[in-house]
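**Q** My structure is below; once you've seen it, I'll send some questions.
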Amino acid sequence: MAFFVLRSFTVVPSYRRTVAPSYRRTVVPLYRSTIIPSQYYLYFCRLINMGRIIGIDYGKKRVGLAVTDPLQIFASPLNTVNTQEFDSFINEYLKSEVIESFVVGYPVQMNNRPSESVKYIDPFISRLNKKYPGIPVHLIDERFTSQIALRSMIDGGLKKKGRRNKMIVDKVSASIILQSYLDGRSANKKTKT
């Protein structure tokens, strides 16, 4: 079976080249279709019914959001919404995707004590637990995520004008928080086996 890697998720006919006795090249379509490997990935994710994990970088003005792939291997930035619009955004997202858990960045100082921002985040976490009781909330240390996000944006070649946009910084920070959670979780699985 031949596989073709394309950017879209469509089924394409496969072709084989045959050499005729006159040494002319002819293209003969096969009468079956080939499935692109990316379709196997999406089919497998639906089959095992894994939900996505949402990473949250909470702030007073904006909330940066990141999401995992269906197999929960890597994190990518999703969106940045105003704090007041967070509930409506998650409700809309729940209509199209299954959320397995939330990962919230928890601000901690260098001496491992909660920082002053905790007074804003604790009510948000309790509201998240009340509104979505079936979805667990995990807390993870968010120290230096904004600085790491800025550094990764510089390394990625983003211009200074783009780096000034706080919405981009917030969603990149959320993806860093979520990826560190995923890395810690996979490291814990490796040590248990």
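Residue numbering restarts at 1 in every chain; chains get A, B, ... in the order shown in the structure tokens, and ligands count up from 1 in that same order.
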Do a neighbour search on A:Gly51 at 7 Å with only C-alpha atoms, toss out local chain neighbours closer than 6 positions, and write the hits as an mmCIF file with C-alpha atoms, in the first residue's frame.
**A**
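Output saved as around09.cif:
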```
data_model
loop_
_atom_site.group_PDB
_atom_site.id
_atom_site.type_symbol
_atom_site.label_atom_id
_atom_site.label_comp_id
_atom_site.auth_asym_id
_atom_site.auth_seq_id
_atom_site.Cartn_x
_atom_site.Cartn_y
_atom_site.Cartn_z
ATOM 1 C CA PRO A 70 -5.611 14.331 20.771
ATOM 2 C CA VAL A 98 -13.632 16.661 24.699
ATOM 3 C CA ILE A 99 -11.592 18.185 27.508
ATOM 4 C CA GLU A 100 -9.923 15.696 29.809
#
```
**Q** Ranking A:Ile154, A:Met110, A:Asp170, A:Phe86 by minimum distance to A:Arg127 and counting only C-alpha atoms, which one comes first?
**A**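 Closest to A:Arg127, using only C-alpha atoms: A:Phe86.
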**Q** Which residues come within 8 Å of A:Asn79, counting only C-alpha atoms, excluding same-chain residues fewer than 6 positions away, as number ranges by chain?
**A** A: 64-66, 171
**Q** By how many Å are atom CA of A:Gln72 and atom CA of A:Arg151 apart?
**A**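 If I compute the distance from atom CA of A:Gln72 to atom CA of A:Arg151, I get 24.6 Å.
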**Q** DSSP on the backbone, then: every residue of stretch 60-130 of chain A marked helix (DSSP H, G or I), written as a tab-separated table (two decimals) with C-alpha atoms, in the first residue's frame.
**A**
```tsv
chain	number	residue	atom	x	y	z
A	83	THR	CA	-10.96	37.18	31.46
A	84	GLN	CA	-14.68	37.93	31.24
A	85	GLU	CA	-15.03	35.88	28.03
A	86	PHE	CA	-13.27	32.76	29.36
A	87	ASP	CA	-16.41	30.84	30.36
A	88	SER	CA	-18.17	31.41	27.06
A	89	PHE	CA	-15.04	30.40	25.12
A	90	ILE	CA	-14.66	27.13	27.07
A	91	ASN	CA	-18.38	26.35	26.66
A	92	GLU	CA	-18.07	26.80	22.88
A	93	TYR	CA	-14.90	24.70	22.83
A	94	LEU	CA	-16.62	21.92	24.79
A	95	LYS	CA	-19.23	21.66	22.04
A	96	SER	CA	-16.61	20.57	19.53
A	118	VAL	CA	-2.63	33.86	44.12
A	119	LYS	CA	-5.45	36.04	45.43
A	120	TYR	CA	-6.72	36.31	41.84
A	121	ILE	CA	-6.07	32.73	40.80
A	122	ASP	CA	-7.56	30.85	43.77
A	123	PRO	CA	-11.11	32.16	43.14
A	124	PHE	CA	-10.68	31.32	39.45
A	125	ILE	CA	-9.65	27.74	40.29
A	126	SER	CA	-12.58	27.27	42.69
A	127	ARG	CA	-14.96	28.67	40.05
A	128	LEU	CA	-13.46	26.29	37.47
A	129	ASN	CA	-14.01	23.33	39.82
A	130	LYS	CA	-17.64	24.36	40.46
```
**Q** I need the residues of stretch 96-147 of chain A that end up classed as strand (DSSP E) by DSSP on the backbone, written out as a PyMOL selection string.
**A** chain A and resi 99-106+137-141
**Q** The selected residues should be written to file as a PDB file, in the first residue's frame (atoms: N, CA and C atoms).
**A**
```pdb
ATOM      1  N   ILE A  99     -12.679  17.717  26.648  1.00  0.00           N
ATOM      2  CA  ILE A  99     -11.592  18.185  27.508  1.00  0.00           C
ATOM      3  C   ILE A  99     -11.420  17.188  28.641  1.00  0.00           C
ATOM      4  N   GLU A 100     -10.204  16.675  28.762  1.00  0.00           N
ATOM      5  CA  GLU A 100      -9.923  15.696  29.809  1.00  0.00           C
ATOM      6  C   GLU A 100      -9.555  16.364  31.123  1.00  0.00           C
ATOM      7  N   SER A 101      -8.772  17.442  31.055  1.00  0.00           N
ATOM      8  CA  SER A 101      -8.395  18.144  32.280  1.00  0.00           C
ATOM      9  C   SER A 101      -7.916  19.556  31.952  1.00  0.00           C
ATOM     10  N   PHE A 102      -7.839  20.369  32.997  1.00  0.00           N
ATOM     11  CA  PHE A 102      -7.288  21.720  32.906  1.00  0.00           C
ATOM     12  C   PHE A 102      -5.951  21.729  33.632  1.00  0.00           C
ATOM     13  N   VAL A 103      -4.993  22.468  33.097  1.00  0.00           N
ATOM     14  CA  VAL A 103      -3.718  22.692  33.762  1.00  0.00           C
ATOM     15  C   VAL A 103      -3.578  24.198  33.925  1.00  0.00           C
ATOM     16  N   VAL A 104      -3.538  24.648  35.164  1.00  0.00           N
ATOM     17  CA  VAL A 104      -3.485  26.075  35.461  1.00  0.00           C
ATOM     18  C   VAL A 104      -2.107  26.414  35.999  1.00  0.00           C
ATOM     19  N   GLY A 105      -1.520  27.465  35.450  1.00  0.00           N
ATOM     20  CA  GLY A 105      -0.242  27.949  35.958  1.00  0.00           C
ATOM     21  C   GLY A 105      -0.440  28.608  37.310  1.00  0.00           C
ATOM     22  N   TYR A 106       0.294  28.132  38.315  1.00  0.00           N
ATOM     23  CA  TYR A 106       0.148  28.631  39.680  1.00  0.00           C
ATOM     24  C   TYR A 106       1.397  29.433  40.028  1.00  0.00           C
ATOM     25  N   VAL A 137      -8.650  19.683  37.695  1.00  0.00           N
ATOM     26  CA  VAL A 137      -7.786  20.851  37.535  1.00  0.00           C
ATOM     27  C   VAL A 137      -6.440  20.531  38.176  1.00  0.00           C
ATOM     28  N   HIS A 138      -5.371  20.651  37.395  1.00  0.00           N
ATOM     29  CA  HIS A 138      -4.014  20.428  37.895  1.00  0.00           C
ATOM     30  C   HIS A 138      -3.295  21.769  37.960  1.00  0.00           C
ATOM     31  N   LEU A 139      -2.540  21.962  39.037  1.00  0.00           N
ATOM     32  CA  LEU A 139      -1.760  23.185  39.191  1.00  0.00           C
ATOM     33  C   LEU A 139      -0.296  22.889  38.899  1.00  0.00           C
ATOM     34  N   ILE A 140       0.368  23.822  38.217  1.00  0.00           N
ATOM     35  CA  ILE A 140       1.780  23.651  37.908  1.00  0.00           C
ATOM     36  C   ILE A 140       2.473  24.996  38.067  1.00  0.00           C
ATOM     37  N   ASP A 141       3.709  24.931  38.501  1.00  0.00           N
ATOM     38  CA  ASP A 141       4.514  26.116  38.744  1.00  0.00           C
ATOM     39  C   ASP A 141       4.703  26.895  37.451  1.00  0.00           C
TER      40      ASP A 141
END
```
**Q** Just give me the gap between atom CA of A:Arg185 and atom CA of A:Thr145 in Å, one decimal is fine.
**A**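 Straight-line distance from atom CA of A:Arg185 to atom CA of A:Thr145 works out to 18.2 Å.
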**Q** Would you please work out which residue, of A:Arg143, A:Val172, A:Ser115, A:Gly134, is nearest to A:Gly156 when using only C-alpha atoms?
**A**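 Among A:Arg143, A:Val172, A:Ser115, A:Gly134, it is A:Val172 that comes nearest to A:Gly156.
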**Q** Enter the distance from atom CA of A:Val67 to atom CA of A:Leu178, in Å, rounded to one decimal.
**A**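 For atom CA of A:Val67 relative to atom CA of A:Leu178, the distance reads 7.6 Å.
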